[in-house]
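Chemist: I'm passing along model18.cif; it holds mmCIF, C-alpha atoms.
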```
data_query
loop_
_atom_site.group_PDB
_atom_site.id
_atom_site.type_symbol
_atom_site.label_atom_id
_atom_site.label_comp_id
_atom_site.auth_asym_id
_atom_site.auth_seq_id
_atom_site.Cartn_x
_atom_site.Cartn_y
_atom_site.Cartn_z
ATOM 1 C CA MET A 1 -101.920 92.126 4.610
ATOM 2 C CA SER A 2 -100.471 93.732 1.571
ATOM 3 C CA GLN A 3 -101.972 95.445 -1.407
ATOM 4 C CA GLN A 4 -99.857 96.108 -4.454
ATOM 5 C CA ILE A 5 -99.986 96.642 -8.178
ATOM 6 C CA GLU A 6 -98.408 93.693 -9.966
ATOM 7 C CA ILE A 7 -96.866 94.454 -13.363
ATOM 8 C CA GLU A 8 -95.837 91.349 -15.259
ATOM 9 C CA PHE A 9 -95.160 90.121 -18.759
ATOM 10 C CA LYS A 10 -95.420 86.451 -19.633
ATOM 11 C CA ASN A 11 -94.763 84.106 -22.519
ATOM 12 C CA PHE A 12 -95.184 80.388 -23.074
ATOM 13 C CA LEU A 13 -92.029 78.296 -23.395
ATOM 14 C CA THR A 14 -91.496 74.918 -24.974
ATOM 15 C CA LYS A 15 -90.078 72.255 -22.670
ATOM 16 C CA ALA A 16 -86.790 72.527 -24.600
ATOM 17 C CA HIS A 17 -86.619 76.318 -24.131
ATOM 18 C CA TYR A 18 -87.451 75.963 -20.443
ATOM 19 C CA GLU A 19 -84.677 73.416 -19.931
ATOM 20 C CA GLN A 20 -82.249 75.553 -21.955
ATOM 21 C CA LEU A 21 -82.991 78.603 -19.758
ATOM 22 C CA LEU A 22 -82.384 76.610 -16.566
ATOM 23 C CA VAL A 23 -78.934 75.743 -17.959
ATOM 24 C CA GLU A 24 -78.206 79.276 -19.281
ATOM 25 C CA PHE A 25 -79.001 80.794 -15.873
ATOM 26 C CA ASN A 26 -77.188 78.038 -13.902
ATOM 27 C CA VAL A 27 -80.333 77.137 -11.967
ATOM 28 C CA THR A 28 -79.754 74.506 -9.280
ATOM 29 C CA GLU A 29 -82.357 72.091 -7.889
ATOM 30 C CA SER A 30 -82.434 74.094 -4.620
ATOM 31 C CA GLN A 31 -83.599 77.214 -6.526
ATOM 32 C CA ILE A 32 -86.776 75.476 -7.756
ATOM 33 C CA HIS A 33 -89.619 75.985 -5.292
ATOM 34 C CA ARG A 34 -93.009 74.280 -5.430
ATOM 35 C CA GLN A 35 -96.230 76.275 -5.009
ATOM 36 C CA ILE A 36 -99.694 74.767 -4.797
ATOM 37 C CA ASN A 37 -102.529 77.052 -5.959
ATOM 38 C CA HIS A 38 -106.156 76.368 -5.043
ATOM 39 C CA TYR A 39 -108.568 78.492 -7.117
ATOM 40 C CA PHE A 40 -111.971 79.751 -5.961
ATOM 41 C CA ASP A 41 -115.054 81.233 -7.583
ATOM 42 C CA THR A 42 -118.815 81.202 -7.075
ATOM 43 C CA PRO A 43 -121.054 78.798 -9.038
ATOM 44 C CA ASP A 44 -122.135 81.880 -11.056
ATOM 45 C CA SER A 45 -118.493 82.761 -11.925
ATOM 46 C CA HIS A 46 -118.619 86.170 -10.235
ATOM 47 C CA LEU A 47 -114.826 86.515 -10.196
ATOM 48 C CA LYS A 48 -114.300 85.252 -13.728
ATOM 49 C CA ASN A 49 -116.887 87.752 -14.965
ATOM 50 C CA LEU A 50 -114.921 90.550 -13.254
ATOM 51 C CA ALA A 51 -111.636 89.359 -14.885
ATOM 52 C CA SER A 52 -110.459 88.629 -11.338
ATOM 53 C CA GLY A 53 -109.128 85.565 -9.559
ATOM 54 C CA LEU A 54 -108.976 84.275 -5.986
ATOM 55 C CA ARG A 55 -106.504 81.694 -4.796
ATOM 56 C CA ILE A 56 -104.834 80.174 -1.791
ATOM 57 C CA ARG A 57 -101.143 79.645 -2.525
ATOM 58 C CA ILE A 58 -99.261 77.185 -0.344
ATOM 59 C CA PHE A 59 -95.471 77.582 -0.135
ATOM 60 C CA SER A 60 -93.161 75.366 1.892
ATOM 61 C CA HIS A 61 -92.929 78.099 4.577
ATOM 62 C CA ALA A 62 -96.175 80.107 4.293
ATOM 63 C CA ILE A 63 -99.775 80.219 3.028
ATOM 64 C CA GLU A 64 -101.382 83.239 1.365
ATOM 65 C CA CYS A 65 -104.853 84.117 0.154
ATOM 66 C CA THR A 66 -104.712 86.527 -2.810
ATOM 67 C CA LEU A 67 -107.375 88.313 -4.808
ATOM 68 C CA LYS A 68 -106.161 89.580 -8.195
ATOM 69 C CA GLU A 69 -108.163 92.286 -9.973
ATOM 70 C CA LYS A 70 -107.224 93.193 -13.529
ATOM 71 C CA SER A 71 -106.478 96.910 -13.946
ATOM 72 C CA SER A 72 -104.861 96.859 -17.413
ATOM 73 C CA THR A 73 -103.313 94.381 -19.852
ATOM 74 C CA HIS A 74 -100.155 93.862 -17.795
ATOM 75 C CA GLN A 75 -101.305 95.153 -14.391
ATOM 76 C CA HIS A 76 -103.282 93.626 -11.540
ATOM 77 C CA LEU A 77 -104.224 94.908 -8.110
ATOM 78 C CA GLU A 78 -103.313 92.167 -5.642
ATOM 79 C CA THR A 79 -104.792 91.999 -2.136
ATOM 80 C CA THR A 80 -103.128 89.373 0.051
ATOM 81 C CA ASP A 81 -103.717 88.005 3.555
ATOM 82 C CA SER A 82 -101.485 85.463 5.309
ATOM 83 C CA LEU A 83 -103.254 82.313 6.518
ATOM 84 C CA THR A 84 -102.447 79.590 9.014
ATOM 85 C CA ARG A 85 -102.769 75.951 7.928
ATOM 86 C CA GLU A 86 -106.016 75.698 9.926
ATOM 87 C CA GLN A 87 -107.477 78.817 8.257
ATOM 88 C CA ALA A 88 -106.532 77.494 4.813
ATOM 89 C CA ASP A 89 -108.192 74.156 5.602
ATOM 90 C CA GLU A 90 -111.382 75.962 6.717
ATOM 91 C CA MET A 91 -111.460 78.000 3.522
ATOM 92 C CA LEU A 92 -110.800 74.943 1.357
ATOM 93 C CA ALA A 93 -113.667 73.163 3.145
ATOM 94 C CA GLY A 94 -115.986 76.112 2.369
ATOM 95 C CA LYS A 95 -116.525 76.879 6.070
ATOM 96 C CA SER A 96 -115.208 80.441 6.234
ATOM 97 C CA LEU A 97 -113.153 83.146 4.553
ATOM 98 C CA PRO A 98 -110.517 83.965 7.199
ATOM 99 C CA ALA A 99 -108.849 86.646 5.049
ATOM 100 C CA PRO A 100 -110.071 90.052 6.300
ATOM 101 C CA GLU A 101 -108.625 92.338 3.599
ATOM 102 C CA VAL A 102 -109.599 89.974 0.786
ATOM 103 C CA SER A 103 -113.118 89.792 2.301
ATOM 104 C CA LYS A 104 -113.387 93.597 2.232
ATOM 105 C CA ARG A 105 -112.420 93.720 -1.452
ATOM 106 C CA LEU A 106 -114.910 90.949 -2.300
ATOM 107 C CA GLN A 107 -117.665 92.924 -0.529
ATOM 108 C CA HIS A 108 -116.632 96.019 -2.483
ATOM 109 C CA LEU A 109 -116.945 93.977 -5.708
ATOM 110 C CA HIS A 110 -120.332 92.529 -4.601
ATOM 111 C CA VAL A 111 -119.006 88.962 -4.698
ATOM 112 C CA PRO A 112 -120.997 86.734 -2.289
ATOM 113 C CA SER A 113 -118.139 85.218 -0.294
ATOM 114 C CA GLU A 114 -120.446 82.616 1.295
ATOM 115 C CA SER A 115 -120.868 81.116 -2.210
ATOM 116 C CA LEU A 116 -117.143 80.717 -2.888
ATOM 117 C CA GLN A 117 -115.921 77.208 -3.553
ATOM 118 C CA VAL A 118 -112.721 75.574 -4.741
ATOM 119 C CA PHE A 119 -112.873 74.636 -8.391
ATOM 120 C CA GLY A 120 -109.371 73.299 -8.863
ATOM 121 C CA THR A 121 -105.699 73.045 -8.032
ATOM 122 C CA LEU A 122 -102.608 73.908 -10.052
ATOM 123 C CA THR A 123 -99.042 73.132 -8.957
ATOM 124 C CA THR A 124 -96.071 75.192 -10.118
ATOM 125 C CA ASP A 125 -92.349 74.550 -9.814
ATOM 126 C CA ARG A 126 -90.957 78.107 -9.828
ATOM 127 C CA VAL A 127 -87.554 79.729 -10.198
ATOM 128 C CA GLU A 128 -87.199 83.460 -9.405
ATOM 129 C CA LEU A 129 -84.050 85.365 -10.394
ATOM 130 C CA PRO A 130 -83.131 89.059 -10.206
ATOM 131 C CA TYR A 131 -82.845 90.377 -13.776
ATOM 132 C CA LYS A 132 -82.264 93.917 -15.072
ATOM 133 C CA GLY A 133 -84.073 95.711 -12.265
ATOM 134 C CA GLY A 134 -86.959 93.227 -12.033
ATOM 135 C CA THR A 135 -87.567 89.536 -11.391
ATOM 136 C CA LEU A 136 -87.328 86.826 -14.025
ATOM 137 C CA VAL A 137 -89.522 83.796 -13.340
ATOM 138 C CA PHE A 138 -89.370 80.343 -14.943
ATOM 139 C CA ASP A 139 -92.479 78.253 -14.251
ATOM 140 C CA HIS A 140 -93.368 74.632 -14.922
ATOM 141 C CA SER A 141 -97.045 74.170 -14.065
ATOM 142 C CA PHE A 142 -99.112 71.007 -13.982
ATOM 143 C CA TYR A 143 -102.857 70.639 -13.593
ATOM 144 C CA LEU A 144 -105.564 68.203 -14.704
ATOM 145 C CA GLN A 145 -103.898 66.290 -17.578
ATOM 146 C CA CYS A 146 -101.800 69.291 -18.671
ATOM 147 C CA ASP A 147 -98.403 70.661 -18.031
ATOM 148 C CA ASP A 148 -96.902 73.828 -19.457
ATOM 149 C CA TYR A 149 -93.899 76.106 -19.237
ATOM 150 C CA GLU A 150 -93.648 79.879 -19.184
ATOM 151 C CA VAL A 151 -91.336 82.773 -18.473
ATOM 152 C CA GLU A 152 -92.555 85.850 -16.608
ATOM 153 C CA TYR A 153 -90.907 89.188 -15.982
ATOM 154 C CA GLU A 154 -92.115 91.171 -12.974
ATOM 155 C CA THR A 155 -91.242 94.863 -12.838
ATOM 156 C CA ASN A 156 -92.164 98.191 -11.244
ATOM 157 C CA ASP A 157 -92.155 100.072 -14.558
ATOM 158 C CA GLU A 158 -94.447 98.869 -17.350
ATOM 159 C CA THR A 159 -92.621 100.646 -20.211
ATOM 160 C CA LEU A 160 -89.135 99.608 -19.102
ATOM 161 C CA GLY A 161 -90.345 96.091 -18.277
ATOM 162 C CA LYS A 162 -91.871 95.655 -21.732
ATOM 163 C CA ASN A 163 -88.545 96.579 -23.357
ATOM 164 C CA VAL A 164 -86.523 94.285 -21.096
ATOM 165 C CA PHE A 165 -88.924 91.387 -21.715
ATOM 166 C CA GLU A 166 -88.989 91.845 -25.490
ATOM 167 C CA GLN A 167 -85.178 91.935 -25.571
ATOM 168 C CA PHE A 168 -85.078 88.776 -23.444
ATOM 169 C CA LEU A 169 -87.387 86.926 -25.857
ATOM 170 C CA THR A 170 -85.279 88.060 -28.831
ATOM 171 C CA GLU A 171 -81.974 87.113 -27.169
ATOM 172 C CA PHE A 172 -83.167 83.583 -26.427
ATOM 173 C CA ALA A 173 -85.045 83.145 -29.744
ATOM 174 C CA ILE A 174 -88.420 82.692 -28.027
ATOM 175 C CA SER A 175 -91.480 83.387 -30.206
ATOM 176 C CA PRO A 176 -93.771 85.974 -28.579
ATOM 177 C CA GLN A 177 -97.219 84.511 -27.863
ATOM 178 C CA GLN A 178 -100.381 85.597 -26.097
ATOM 179 C CA THR A 179 -100.100 83.792 -22.766
ATOM 180 C CA PRO A 180 -103.200 83.709 -20.537
ATOM 181 C CA LYS A 181 -102.813 83.713 -16.761
ATOM 182 C CA LYS A 182 -102.568 80.330 -15.040
ATOM 183 C CA ILE A 183 -106.124 80.506 -13.703
ATOM 184 C CA ALA A 184 -107.439 81.080 -17.254
ATOM 185 C CA ARG A 185 -105.410 78.140 -18.586
ATOM 186 C CA PHE A 186 -106.728 75.961 -15.780
ATOM 187 C CA MET A 187 -110.319 77.021 -16.558
ATOM 188 C CA ALA A 188 -109.838 76.303 -20.272
ATOM 189 C CA ALA A 189 -108.502 72.813 -19.464
ATOM 190 C CA LEU A 190 -111.401 72.227 -17.065
ATOM 191 C CA GLN A 191 -113.948 73.279 -19.730
ATOM 192 C CA GLY A 192 -112.174 70.994 -22.202
ATOM 193 C CA GLN A 193 -112.596 68.054 -19.831
ATOM 194 C CA LYS A 194 -116.291 68.829 -19.324
ATOM 195 C CA GLY A 195 -116.833 69.340 -23.060
#
```
Have the structure of the file written as structure tokens, please.

Modeler:
Amino acid sequence: MSQQIEIEFKNFLTKAHYEQLLVEFNVTESQIHRQINHYFDTPDSHLKNLASGLRIRIFSHAIECTLKEKSSTHQHLETTDSLTREQADEMLAGKSLPAPEVSKRLQHLHVPSESLQVFGTLTTDRVELPYKGGTLVFDHSFYLQCDDYEVEYETNDETLGKNVFEQFLTEFAISPQQTPKKIARFMAALQGQKG
């Protein structure tokens, strides 16, 4: 289990900008890693109402269950438990929540874990590169009938990270935009389908 504060800045990219950045940073096919995210909430949207999110993320080599709680505009408290394939399958089937530290945080937040259910899946092809003391991330995500592109900058220092990220956007002529988290974009697309 790990618990950490995540500090990240993000911005949408056009497909052309995304492809340009892959070339600029000499990204090879082997550096692009696929992640599959399964998102959970209760029918009453307990987590959404707390500006929090719960997901299982499946990598090629590992599976994690992570609860993200918003602490400020660019910061989230992340609580993560590792899962086996069998545990992930149980959770996806709504049979159990085999993530002890995540369970404790959900209890603390008064989220009824027995009511959790999967509401959707988002797949991301991700590139992570060291950049000016942090990590630069290029993401191509696809979900429902959507696909989008974004750049993220993950850092340990919010002030320094903000400066680095703003300079990056300027250098590559990327227009700054409000960019919601992936789970929020997925929810918006899901509401759009229902509407």

Chemist: Write out as number ranges by chain which residues come within 10 Å of Leu160 (chain A) when counting only C-alpha atoms, dropping same-chain ones fewer than 3 positions away.

Modeler: A: 132-134, 155-157, 163-165

Chemist: Output the residue selection produced by the PyMOL selection byres ((chain A and resi 56-58) around 9) on the file above, formatted as a PyMOL selection string.

Modeler: chain A and resi 34-40+54-55+59-66+83+88+91-92

Chemist: Go ahead and write the selection's residues with C-alpha atoms as a compact mmCIF listing (two decimals), in the frame of the given file.

Modeler:
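See result.txt below for the written result:
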```txt
# COMPACT_ATOMS: atom_id res chain seq x y z
CA ARG A 34 -93.01 74.28 -5.43
CA GLN A 35 -96.23 76.28 -5.01
CA ILE A 36 -99.69 74.77 -4.80
CA ASN A 37 -102.53 77.05 -5.96
CA HIS A 38 -106.16 76.37 -5.04
CA TYR A 39 -108.57 78.49 -7.12
CA PHE A 40 -111.97 79.75 -5.96
CA LEU A 54 -108.98 84.28 -5.99
CA ARG A 55 -106.50 81.69 -4.80
CA PHE A 59 -95.47 77.58 -0.14
CA SER A 60 -93.16 75.37 1.89
CA HIS A 61 -92.93 78.10 4.58
CA ALA A 62 -96.18 80.11 4.29
CA ILE A 63 -99.78 80.22 3.03
CA GLU A 64 -101.38 83.24 1.36
CA CYS A 65 -104.85 84.12 0.15
CA THR A 66 -104.71 86.53 -2.81
CA LEU A 83 -103.25 82.31 6.52
CA ALA A 88 -106.53 77.49 4.81
CA MET A 91 -111.46 78.00 3.52
CA LEU A 92 -110.80 74.94 1.36
```

Chemist: Suppose you want the space between CA of Leu169 (chain A) and CA of Met187 (chain A); what is it in Å?

Modeler: 26.7 Å

Chemist: Within 9 Å of Asp44 (chain A), counting only C-alpha atoms, which residues show up once you throw out same-chain ones fewer than 4 positions away? Write them as a list in words, please.

Modeler: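 Residues meeting the cut-off are Lys48, Asn49 and Ser115 of chain A.
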
Chemist: Between CA of Val23 (chain A) and CA of Thr123 (chain A), what is the spacing in Å?

Modeler: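 Separating CA of Thr123 (chain A) from CA of Val23 (chain A) is a distance of 22.2 Å.
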
Chemist: Taking 5 positions as the minimum chain separation for residues in the same chain, which residues sit within 12 Å of Glu90 (chain A) when counting all atoms listed in the file? Answer as number ranges by chain.

Modeler: A: 56, 83-85, 95-99, 117-118

Chemist: May I have the residues from that selection written out with C-alpha atoms, as a PDB file, in the frame of the given file?

Modeler:
```pdb
ATOM      1  CA  ILE A  56    -104.834  80.174  -1.791  1.00  0.00           C
ATOM      2  CA  LEU A  83    -103.254  82.313   6.518  1.00  0.00           C
ATOM      3  CA  THR A  84    -102.447  79.590   9.014  1.00  0.00           C
ATOM      4  CA  ARG A  85    -102.769  75.951   7.928  1.00  0.00           C
ATOM      5  CA  LYS A  95    -116.525  76.879   6.070  1.00  0.00           C
ATOM      6  CA  SER A  96    -115.208  80.441   6.234  1.00  0.00           C
ATOM      7  CA  LEU A  97    -113.153  83.146   4.553  1.00  0.00           C
ATOM      8  CA  PRO A  98    -110.517  83.965   7.199  1.00  0.00           C
ATOM      9  CA  ALA A  99    -108.849  86.646   5.049  1.00  0.00           C
ATOM     10  CA  GLN A 117    -115.921  77.208  -3.553  1.00  0.00           C
ATOM     11  CA  VAL A 118    -112.721  75.574  -4.741  1.00  0.00           C
TER      12      VAL A 118
END
```
